[in-house]
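Working notes, structure below.
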Amino acid sequence: MNQNGKPRYDFLGIAFAVVGIAIIAAMIRIETSEDADVFRAQGESYRGGYETVYPERGSIYDRDEHLLAGNEKVYEVGINLMDVNAENDDPQAIATVINQVLGLDYADVLAKASTPFQEGTSVYYKIYDLASSDQVNQLEKLVDEYANAPTLRRGGTKPSLKALSFTPHLRRSYPEHTLAANVLGFYSFQDTETGKGYFGVEEKYNDLLSGTPQKIWVSNDPQLAKEVPTIPPGASLILTIDREIQSMVEDELDKALKSTGAVGGTIIILDPETGEVLSMAATPRMDPNEYWKYNEVYPDSTPFNRAVGTTYEPGSVFKVLTMASALDKGAVKPDTPFNDTGSFLIGGFYIHNWDGGAWGPQDMVGCMQHSLNVCLAWVATQLGTDNFYNYIRAFGIGHTTGIDLAGEVNYPLRLPGDNQWYDVDLGTNSFGQGIAVTPIQIATAISAVANDGKMMAPHVLKAMVDNGRQYNTTPQVMGTPISADTAHTLTSMLVTSLEKESSDALVPGYTMAGKTGTAEIPGPTGYSTSLTNASFVGWGPADDPKFLVYIWLEKPTSSQWGSVVAAPVFSDVVKKLVVLMNIPPDDVRKQLAVNP
């Protein structure tokens with residue numbers, strides 16, 4: 001052997017010996033580690049795998065903690081094939097009781113129950129899921145009856161149901177069914193592993209409600225399956241929605257659609273001081289317990305929640321924003337005179353009033369009372385193009401409100417300098433034509449007039465409860481588009497205009513501020529003369545507003561005018577609302593303020 005190469009061979013020998021010793025040491029460490037028993041157990045039941053365990057989904061409550069969305073125990077019904085004795089007619093017995101209690105096809109269940117047990121492949125058959133506690137109680141009673149039945153066969157054999165297994169788990173449940181369904185959305189509980197929230201709160205807060213899943217090892221052999229560990233549930237949510245108010249408003253909306261022939265509608269009630277949504281009712285509504293019927297309830301492009309998912313031209317309710325802007329800028333005052341000749345030329349086009357008439361000498365209160373398009377177009381010119389659109393944007397028109405509900409949409413605001421903007425748009429936009437909003441956008445914007453000029457961010461989440469701790473939502477100011485003085489002045493003007501016209505929106509004993517709206521609906525060939533969007537916005541008590549109500553009825557047929565179809569709905573809603581909110585009539589409230 002070459003002596004020069006000996007050191008190199010000695011080095012390799014030592015290196016291999018060190019590696020071998022390291023491998024042996026690692027094997028000893030693994031064998032004696034705390035996890036060794038786990039690995040050995042998994043080796044014995046190698047036909048298994050890791051499964052994801054999903055935590056209990058968080059519940060959803062109204063502001064008074066009435067349950068709106070929760071979870072109920074249901075069962076997966078299965079057959080452990082190892083316990084099926086075909087010679088004793090177990091498959092026939094199983095198929096019979098499953099057909100009786102669960103209504104499944106006898107032949108189909110019989111075929112599954114007759115499958116020979118083969119370890120590793122045919123071990124267990126899932127035959128039904130989402131069985132109720134009552135159904136499982138019936139099945140368990142039958143299992144006991146079969147077990148305790150006398151033996152009538154030669155040889156002491158009898159059919160058995162012991163192969164049936166009942167595995168409990170949770171499914172999403174909506175105990176109030178359609179109540180607030182447009183706000184809640186739904187959870188696809190039939191998709192055990194891929195279920196998620198759709199629409200509304202369920203989608204917007206899906207991650208919070210879902211919690212954090214965990215992976216565990218599960219053997220395919222049910223005899224070796226480990227008990228599923230308990231993991232923390234998802235966060236629960238307390239909404240700003242008042243269940244009693246929501247129920248009342250949905251009833252009033254349904255009655256309004258029936259009496260007016262409208263194809264759809266929305267009613268929103270906001271607390272203008274906080275931006276809390278006390279109620280948001282829209283049509284149609286579905287039962288989220290049967291979410292698979294979604295396409296039946298919402299065919300074609302029907303929005304799930306019109307309040308946030310539909311844009312439309314609002315009409316004369318928009319005049320509230322135009323007048324607020326002009327008053328705030330000092331372009332007009334309540335007693336500013338205007339002579340209505342029945343038309344106003346702007347951008348080469350004539351603006352006309354809703355009735356085509358001329359109303360003669362007016363002040364700004366009269367312009368709002370009679371809802372004069374000609375006057376408001378003139379007011380917009382006194383304000384000026386740049387100022388008008390600056391104010392409108394400050395009111396949030398042209399972008400989403402950011403409300404914490406999935407599916408909010410927005411229609412872009414056309415501005416001077418855009419290709420599609422024309423000089424006449426200043427006039428038509430002033431009374432809500434040629435401009436599109438969602439109900440929540442216009443309600444939020446006008447709420448600034450009811451709240452000393454401050455516009456609060458609309459929201460439906462009042463608090464979140466996670467790991468035993470409650471986290472309250474802090475109201476957020478979106479902006480202050482007008483001053484408090486302007487807000488008070490305009491509120492007073494709208495109180496006067498309602499009272500002077502003896503509006504159907506009036507509520508005996510309470511002073512309300514409000515404005516009607518009627519908007520023609522644009523189509524491919526221009527505006528329809530028969531189809532309208534009818535609306536009303538109002539707030540009160542006027543001296544200390546505690547609520548703002550916005551009503552939109554789409555394409556009413558009994559009358560096209562907001563003053564006829566929407567104003568009475570406001571009165572009906574508020575008459576019940578003041579009772580539910582415990583707001584005394586004005587004289588009682590003022591007396592209590594003096595003598596608390």
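Ordered as shown in the structure tokens, chains take letters A, B, and onward, while each chain numbers its residues from 1 and ligands are numbered from 1 in the order shown.
Across segment 129-239 of chain A, DSSP run on the backbone finds strand (DSSP E) at Asp129, Leu130, Ala131, Leu164, Ser165, Phe166, Thr167, Pro168, His169, Leu170, Arg171, Arg172, Ser173, Phe186, Tyr187, Gly197, Tyr198, Gln214, Lys215, Ile216, Trp217, Val218, Ser219, Ser236, Leu237, Ile238 and Leu239 of chain A.
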Writing out the chosen residues with N, CA and C atoms as a PDB file, in the first residue's frame:
```pdb
ATOM      1  N   ASP A 129     -75.907  13.697   6.477  1.00  0.00           N
ATOM      2  CA  ASP A 129     -75.352  14.737   7.345  1.00  0.00           C
ATOM      3  C   ASP A 129     -76.457  15.729   7.688  1.00  0.00           C
ATOM      4  N   LEU A 130     -76.212  16.497   8.720  1.00  0.00           N
ATOM      5  CA  LEU A 130     -77.143  17.533   9.198  1.00  0.00           C
ATOM      6  C   LEU A 130     -78.423  16.935   9.761  1.00  0.00           C
ATOM      7  N   ALA A 131     -78.320  15.738  10.317  1.00  0.00           N
ATOM      8  CA  ALA A 131     -79.475  15.151  10.992  1.00  0.00           C
ATOM      9  C   ALA A 131     -79.731  15.906  12.293  1.00  0.00           C
ATOM     10  N   LEU A 164     -74.586   1.538  13.194  1.00  0.00           N
ATOM     11  CA  LEU A 164     -74.875   2.956  12.970  1.00  0.00           C
ATOM     12  C   LEU A 164     -74.059   3.824  13.923  1.00  0.00           C
ATOM     13  N   SER A 165     -73.522   4.906  13.405  1.00  0.00           N
ATOM     14  CA  SER A 165     -72.776   5.841  14.247  1.00  0.00           C
ATOM     15  C   SER A 165     -73.326   7.247  14.029  1.00  0.00           C
ATOM     16  N   PHE A 166     -73.257   8.039  15.085  1.00  0.00           N
ATOM     17  CA  PHE A 166     -73.782   9.401  15.052  1.00  0.00           C
ATOM     18  C   PHE A 166     -72.693  10.352  15.560  1.00  0.00           C
ATOM     19  N   THR A 167     -72.159  11.128  14.636  1.00  0.00           N
ATOM     20  CA  THR A 167     -71.062  12.032  14.987  1.00  0.00           C
ATOM     21  C   THR A 167     -71.581  13.466  15.049  1.00  0.00           C
ATOM     22  N   PRO A 168     -71.563  14.081  16.227  1.00  0.00           N
ATOM     23  CA  PRO A 168     -72.100  15.442  16.350  1.00  0.00           C
ATOM     24  C   PRO A 168     -71.141  16.494  15.793  1.00  0.00           C
ATOM     25  N   HIS A 169     -71.704  17.514  15.218  1.00  0.00           N
ATOM     26  CA  HIS A 169     -70.934  18.695  14.831  1.00  0.00           C
ATOM     27  C   HIS A 169     -71.903  19.866  14.748  1.00  0.00           C
ATOM     28  N   LEU A 170     -71.396  21.049  14.443  1.00  0.00           N
ATOM     29  CA  LEU A 170     -72.219  22.256  14.458  1.00  0.00           C
ATOM     30  C   LEU A 170     -72.532  22.742  13.044  1.00  0.00           C
ATOM     31  N   ARG A 171     -73.712  23.296  12.875  1.00  0.00           N
ATOM     32  CA  ARG A 171     -74.071  23.947  11.626  1.00  0.00           C
ATOM     33  C   ARG A 171     -74.565  25.351  11.953  1.00  0.00           C
ATOM     34  N   ARG A 172     -74.427  26.254  10.986  1.00  0.00           N
ATOM     35  CA  ARG A 172     -74.867  27.630  11.185  1.00  0.00           C
ATOM     36  C   ARG A 172     -76.388  27.671  11.260  1.00  0.00           C
ATOM     37  N   SER A 173     -76.885  28.481  12.169  1.00  0.00           N
ATOM     38  CA  SER A 173     -78.322  28.555  12.377  1.00  0.00           C
ATOM     39  C   SER A 173     -78.743  30.015  12.520  1.00  0.00           C
ATOM     40  N   PHE A 186     -75.024  35.084   4.746  1.00  0.00           N
ATOM     41  CA  PHE A 186     -75.185  33.683   5.153  1.00  0.00           C
ATOM     42  C   PHE A 186     -73.838  32.970   5.106  1.00  0.00           C
ATOM     43  N   TYR A 187     -73.787  31.828   5.789  1.00  0.00           N
ATOM     44  CA  TYR A 187     -72.598  30.975   5.832  1.00  0.00           C
ATOM     45  C   TYR A 187     -72.936  29.644   5.186  1.00  0.00           C
ATOM     46  N   GLY A 197     -68.438  32.788   4.646  1.00  0.00           N
ATOM     47  CA  GLY A 197     -69.536  33.731   4.676  1.00  0.00           C
ATOM     48  C   GLY A 197     -69.731  34.413   3.337  1.00  0.00           C
ATOM     49  N   TYR A 198     -70.981  34.644   2.997  1.00  0.00           N
ATOM     50  CA  TYR A 198     -71.325  35.364   1.773  1.00  0.00           C
ATOM     51  C   TYR A 198     -72.235  36.540   2.131  1.00  0.00           C
ATOM     52  N   GLN A 214     -57.045  24.205  13.218  1.00  0.00           N
ATOM     53  CA  GLN A 214     -55.837  23.484  13.599  1.00  0.00           C
ATOM     54  C   GLN A 214     -55.806  22.138  12.888  1.00  0.00           C
ATOM     55  N   LYS A 215     -54.596  21.603  12.656  1.00  0.00           N
ATOM     56  CA  LYS A 215     -54.433  20.295  12.008  1.00  0.00           C
ATOM     57  C   LYS A 215     -54.110  19.227  13.052  1.00  0.00           C
ATOM     58  N   ILE A 216     -54.798  18.086  12.960  1.00  0.00           N
ATOM     59  CA  ILE A 216     -54.532  16.959  13.857  1.00  0.00           C
ATOM     60  C   ILE A 216     -54.444  15.687  13.028  1.00  0.00           C
ATOM     61  N   TRP A 217     -53.742  14.682  13.574  1.00  0.00           N
ATOM     62  CA  TRP A 217     -53.641  13.386  12.911  1.00  0.00           C
ATOM     63  C   TRP A 217     -54.875  12.550  13.223  1.00  0.00           C
ATOM     64  N   VAL A 218     -55.497  11.998  12.174  1.00  0.00           N
ATOM     65  CA  VAL A 218     -56.692  11.168  12.342  1.00  0.00           C
ATOM     66  C   VAL A 218     -56.496   9.874  11.575  1.00  0.00           C
ATOM     67  N   SER A 219     -56.680   8.740  12.267  1.00  0.00           N
ATOM     68  CA  SER A 219     -56.575   7.436  11.620  1.00  0.00           C
ATOM     69  C   SER A 219     -57.837   7.151  10.829  1.00  0.00           C
ATOM     70  N   SER A 236     -67.274  36.562  18.435  1.00  0.00           N
ATOM     71  CA  SER A 236     -68.701  36.858  18.293  1.00  0.00           C
ATOM     72  C   SER A 236     -68.888  38.356  18.085  1.00  0.00           C
ATOM     73  N   LEU A 237     -69.963  38.711  17.397  1.00  0.00           N
ATOM     74  CA  LEU A 237     -70.204  40.102  17.039  1.00  0.00           C
ATOM     75  C   LEU A 237     -71.522  40.586  17.642  1.00  0.00           C
ATOM     76  N   ILE A 238     -71.502  41.808  18.158  1.00  0.00           N
ATOM     77  CA  ILE A 238     -72.709  42.487  18.614  1.00  0.00           C
ATOM     78  C   ILE A 238     -72.966  43.626  17.636  1.00  0.00           C
ATOM     79  N   LEU A 239     -74.112  43.594  16.991  1.00  0.00           N
ATOM     80  CA  LEU A 239     -74.419  44.576  15.956  1.00  0.00           C
ATOM     81  C   LEU A 239     -75.140  45.795  16.533  1.00  0.00           C
TER      82      LEU A 239
END
```
Residue contacts of Asn467 of chain A (12 Å, only C-alpha atoms) excluding same-chain residues fewer than 3 positions away, as a JSON list (two decimals) with C-alpha atoms, in the first residue's frame:
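See around09.json below for the written result:
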```json
[["chain", "number", "residue", "atom", "x", "y", "z"],
["A", 58, "GLY", "CA", -68.69, 33.06, 16.34],
["A", 208, "LEU", "CA", -63.03, 37.01, 12.74],
["A", 211, "GLY", "CA", -61.37, 31.67, 14.18],
["A", 231, "ILE", "CA", -59.96, 24.81, 20.13],
["A", 232, "PRO", "CA", -60.97, 28.44, 20.76],
["A", 233, "PRO", "CA", -64.12, 29.55, 18.91],
["A", 234, "GLY", "CA", -64.22, 32.46, 16.49],
["A", 235, "ALA", "CA", -65.06, 35.95, 17.68],
["A", 236, "SER", "CA", -68.70, 36.86, 18.29],
["A", 464, "MET", "CA", -66.62, 42.29, 19.12],
["A", 470, "GLN", "CA", -65.36, 42.82, 24.56],
["A", 471, "TYR", "CA", -63.99, 45.44, 22.19]]
```
Would you tabulate, counting only C-alpha atoms, all residues of segment 58-119 of chain A that have an atom at most 10 Å from an atom of segment 269-288 of chain A, showing the closest pair of atoms and their distance in Å to one decimal, sorted by chain then ascending number, as CSV?
```
residue,atom,partner,partner_atom,distance
A:Asp62,CA,A:Leu278,CA,9.5
A:Arg63,CA,A:Leu278,CA,8.7
A:Ala69,CA,A:Pro288,CA,9.5
```
Export, as a short mmCIF file (atom, residue, chain, number, x, y, z; two decimals), in the first residue's frame, the selected residues with N, CA and C atoms.
```cif
data_model
loop_
_atom_site.label_atom_id
_atom_site.label_comp_id
_atom_site.auth_asym_id
_atom_site.auth_seq_id
_atom_site.Cartn_x
_atom_site.Cartn_y
_atom_site.Cartn_z
N ASP A 62 -77.91 41.07 18.13
CA ASP A 62 -78.33 42.46 17.94
C ASP A 62 -77.79 43.28 19.11
N ARG A 63 -78.09 44.57 19.13
CA ARG A 63 -77.51 45.47 20.13
C ARG A 63 -77.92 45.10 21.55
N ALA A 69 -77.55 35.02 14.68
CA ALA A 69 -76.87 33.93 13.97
C ALA A 69 -76.04 33.16 14.97
#
```
Next on the checklist: If DSSP is run on the backbone, what residues of segment 274-389 of chain A are helix (DSSP H, G or I)? A reply as a PyMOL selection string would be ideal.
Outcome noted: chain A and resi 288-297+306-309+315-329+364-369+373-383+385-389
Write the residues you've just listed into a file as a compact mmCIF listing (two decimals), in the first residue's frame, and include N, CA and C atoms for each of them.
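Below is the file part_39.txt, written as the result:
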```
# COMPACT_ATOMS: atom_id res chain seq x y z
N PRO A 288 -81.58 32.59 5.46
CA PRO A 288 -80.20 32.09 5.32
C PRO A 288 -80.03 30.66 5.79
N ASN A 289 -81.02 30.11 6.50
CA ASN A 289 -80.96 28.68 6.84
C ASN A 289 -81.09 27.83 5.59
N GLU A 290 -81.62 28.41 4.51
CA GLU A 290 -81.78 27.70 3.24
C GLU A 290 -81.06 28.48 2.14
N TYR A 291 -79.81 28.78 2.37
CA TYR A 291 -79.05 29.64 1.47
C TYR A 291 -78.92 29.07 0.06
N TRP A 292 -79.10 27.77 -0.06
CA TRP A 292 -79.00 27.15 -1.40
C TRP A 292 -80.13 27.60 -2.32
N LYS A 293 -81.13 28.29 -1.78
CA LYS A 293 -82.22 28.83 -2.60
C LYS A 293 -81.91 30.25 -3.08
N TYR A 294 -80.66 30.66 -2.96
CA TYR A 294 -80.26 32.03 -3.31
C TYR A 294 -80.71 32.42 -4.71
N ASN A 295 -80.47 31.56 -5.69
CA ASN A 295 -80.81 31.92 -7.07
C ASN A 295 -82.31 32.03 -7.31
N GLU A 296 -83.09 31.38 -6.47
CA GLU A 296 -84.54 31.51 -6.59
C GLU A 296 -85.01 32.86 -6.07
N VAL A 297 -84.41 33.32 -4.97
CA VAL A 297 -84.82 34.58 -4.34
C VAL A 297 -84.24 35.78 -5.06
N ARG A 306 -80.25 46.01 -1.38
CA ARG A 306 -80.38 47.23 -2.16
C ARG A 306 -79.77 48.44 -1.44
N ALA A 307 -79.76 48.40 -0.13
CA ALA A 307 -79.29 49.56 0.63
C ALA A 307 -77.83 49.89 0.35
N VAL A 308 -77.04 48.88 0.02
CA VAL A 308 -75.62 49.11 -0.26
C VAL A 308 -75.22 48.65 -1.66
N GLY A 309 -76.09 47.86 -2.31
CA GLY A 309 -75.70 47.23 -3.56
C GLY A 309 -76.37 47.76 -4.80
N GLY A 315 -83.27 61.90 -7.12
CA GLY A 315 -84.28 62.93 -7.27
C GLY A 315 -84.20 64.00 -6.19
N SER A 316 -85.36 64.52 -5.79
CA SER A 316 -85.40 65.76 -5.01
C SER A 316 -84.86 65.67 -3.59
N VAL A 317 -84.68 64.47 -3.03
CA VAL A 317 -84.03 64.42 -1.71
C VAL A 317 -82.63 65.00 -1.80
N PHE A 318 -82.05 64.99 -3.00
CA PHE A 318 -80.70 65.52 -3.20
C PHE A 318 -80.69 67.04 -3.01
N LYS A 319 -81.85 67.67 -3.13
CA LYS A 319 -81.93 69.12 -2.94
C LYS A 319 -81.49 69.54 -1.54
N VAL A 320 -81.60 68.63 -0.59
CA VAL A 320 -81.12 68.92 0.77
C VAL A 320 -79.63 69.24 0.74
N LEU A 321 -78.86 68.47 -0.04
CA LEU A 321 -77.42 68.72 -0.12
C LEU A 321 -77.11 70.00 -0.88
N THR A 322 -77.85 70.27 -1.94
CA THR A 322 -77.64 71.50 -2.71
C THR A 322 -77.92 72.72 -1.85
N MET A 323 -79.05 72.73 -1.16
CA MET A 323 -79.40 73.88 -0.32
C MET A 323 -78.44 74.02 0.85
N ALA A 324 -78.02 72.89 1.45
CA ALA A 324 -77.05 72.94 2.55
C ALA A 324 -75.75 73.58 2.10
N SER A 325 -75.30 73.22 0.91
CA SER A 325 -74.05 73.77 0.38
C SER A 325 -74.16 75.26 0.15
N ALA A 326 -75.27 75.69 -0.47
CA ALA A 326 -75.45 77.12 -0.77
C ALA A 326 -75.59 77.95 0.49
N LEU A 327 -76.32 77.46 1.48
CA LEU A 327 -76.44 78.17 2.76
C LEU A 327 -75.10 78.27 3.46
N ASP A 328 -74.35 77.16 3.44
CA ASP A 328 -73.06 77.15 4.13
C ASP A 328 -72.07 78.11 3.50
N LYS A 329 -72.11 78.21 2.18
CA LYS A 329 -71.19 79.10 1.47
C LYS A 329 -71.66 80.55 1.53
N MET A 364 -86.33 80.72 -0.15
CA MET A 364 -85.70 79.41 -0.20
C MET A 364 -86.52 78.34 0.53
N VAL A 365 -87.27 78.76 1.55
CA VAL A 365 -88.16 77.81 2.22
C VAL A 365 -89.25 77.35 1.24
N GLY A 366 -89.80 78.27 0.47
CA GLY A 366 -90.81 77.92 -0.51
C GLY A 366 -90.26 77.03 -1.60
N CYS A 367 -89.02 77.29 -2.00
CA CYS A 367 -88.39 76.44 -3.03
C CYS A 367 -88.28 75.00 -2.56
N MET A 368 -87.93 74.79 -1.27
CA MET A 368 -87.82 73.44 -0.74
C MET A 368 -89.21 72.84 -0.50
N GLN A 369 -90.15 73.68 -0.02
CA GLN A 369 -91.50 73.20 0.25
C GLN A 369 -92.17 72.68 -1.02
N ASN A 373 -87.49 72.50 -9.11
CA ASN A 373 -86.25 72.22 -9.85
C ASN A 373 -85.62 73.51 -10.37
N VAL A 374 -86.45 74.41 -10.88
CA VAL A 374 -85.97 75.67 -11.45
C VAL A 374 -85.21 76.46 -10.40
N CYS A 375 -85.76 76.54 -9.22
CA CYS A 375 -85.12 77.30 -8.14
C CYS A 375 -83.79 76.69 -7.72
N LEU A 376 -83.77 75.36 -7.56
CA LEU A 376 -82.53 74.71 -7.11
C LEU A 376 -81.44 74.79 -8.16
N ALA A 377 -81.81 74.74 -9.45
CA ALA A 377 -80.80 74.92 -10.50
C ALA A 377 -80.21 76.33 -10.41
N TRP A 378 -81.08 77.31 -10.14
CA TRP A 378 -80.58 78.68 -9.97
C TRP A 378 -79.68 78.79 -8.75
N VAL A 379 -80.06 78.13 -7.66
CA VAL A 379 -79.24 78.14 -6.44
C VAL A 379 -77.85 77.57 -6.73
N ALA A 380 -77.79 76.51 -7.53
CA ALA A 380 -76.50 75.91 -7.85
C ALA A 380 -75.61 76.88 -8.62
N THR A 381 -76.22 77.68 -9.50
CA THR A 381 -75.41 78.67 -10.23
C THR A 381 -74.93 79.77 -9.31
N GLN A 382 -75.73 80.12 -8.29
CA GLN A 382 -75.29 81.13 -7.33
C GLN A 382 -74.13 80.59 -6.49
N LEU A 383 -74.16 79.32 -6.22
CA LEU A 383 -73.08 78.67 -5.47
C LEU A 383 -71.82 78.58 -6.31
N THR A 385 -69.99 76.43 -9.91
CA THR A 385 -69.70 75.04 -10.31
C THR A 385 -68.68 74.38 -9.40
N ASP A 386 -67.54 75.04 -9.20
CA ASP A 386 -66.49 74.42 -8.38
C ASP A 386 -66.95 74.21 -6.94
N ASN A 387 -67.58 75.21 -6.38
CA ASN A 387 -68.05 75.09 -5.00
C ASN A 387 -69.11 73.98 -4.88
N PHE A 388 -70.00 73.91 -5.85
CA PHE A 388 -71.06 72.88 -5.80
C PHE A 388 -70.45 71.49 -5.72
N TYR A 389 -69.52 71.19 -6.62
CA TYR A 389 -68.96 69.83 -6.63
C TYR A 389 -68.00 69.59 -5.48
```
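With atom CA of Ala513 of chain A on one side and atom CA of Glu499 of chain A on the other, the separation reads 9.1 Å.
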Checklist entry - So, counting only C-alpha atoms, which residue among A:Ala95, A:Leu553, A:Met493, A:Val578 is closest to Asp335 of chain A? => result A:Met493
Item to check | Nearest to Asn533 of chain A by atom-to-atom distance, counting only C-alpha atoms, from A:Val263, A:Ile397, A:Val143, A:Met581 | outcome: A:Val263
Checklist entry - Could you work out how far atom CA of Ile79 of chain A lies from atom CA of Glu140 of chain A, giving the answer in Å with one decimal? => result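 Rounded to one decimal, the two atoms are 13.5 Å apart.
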Excluding Thr401 of chain A and its own-chain neighbours fewer than 4 positions away, which residues fall within 8 Å of it when counting only C-alpha atoms? Please give them as a compact mmCIF listing (two decimals) with all heavy atoms, in the first residue's frame.
```
# COMPACT_ATOMS: atom_id res chain seq x y z
N GLY A 396 -69.56 63.08 0.55
CA GLY A 396 -69.29 61.66 0.30
C GLY A 396 -69.86 61.11 -0.97
O GLY A 396 -69.74 59.90 -1.24
N ILE A 440 -77.50 54.03 1.22
CA ILE A 440 -76.65 54.32 2.39
C ILE A 440 -75.82 55.57 2.13
O ILE A 440 -75.52 56.33 3.08
CB ILE A 440 -75.75 53.11 2.75
CG1 ILE A 440 -75.11 53.32 4.12
CG2 ILE A 440 -74.69 52.87 1.69
CD1 ILE A 440 -76.08 53.43 5.25
N GLN A 441 -75.44 55.85 0.89
CA GLN A 441 -74.68 57.07 0.59
C GLN A 441 -75.51 58.32 0.86
O GLN A 441 -75.04 59.24 1.54
CB GLN A 441 -74.26 57.07 -0.89
CG GLN A 441 -72.96 56.34 -1.19
CD GLN A 441 -72.62 56.43 -2.67
OE1 GLN A 441 -73.47 56.21 -3.53
NE2 GLN A 441 -71.39 56.76 -2.97
N THR A 444 -76.32 58.73 4.60
CA THR A 444 -75.14 59.17 5.36
C THR A 444 -74.87 60.65 5.12
O THR A 444 -74.57 61.41 6.05
CB THR A 444 -73.92 58.33 4.97
OG1 THR A 444 -74.17 56.96 5.27
CG2 THR A 444 -72.67 58.79 5.71
N ALA A 457 -69.39 58.00 10.08
CA ALA A 457 -69.24 56.80 9.26
C ALA A 457 -70.32 55.79 9.64
O ALA A 457 -70.43 55.40 10.81
CB ALA A 457 -67.86 56.19 9.46
N PRO A 458 -71.13 55.32 8.68
CA PRO A 458 -72.16 54.33 9.00
C PRO A 458 -71.51 52.99 9.31
O PRO A 458 -70.55 52.58 8.67
CB PRO A 458 -72.99 54.27 7.72
CG PRO A 458 -72.04 54.64 6.63
CD PRO A 458 -71.10 55.65 7.24
```
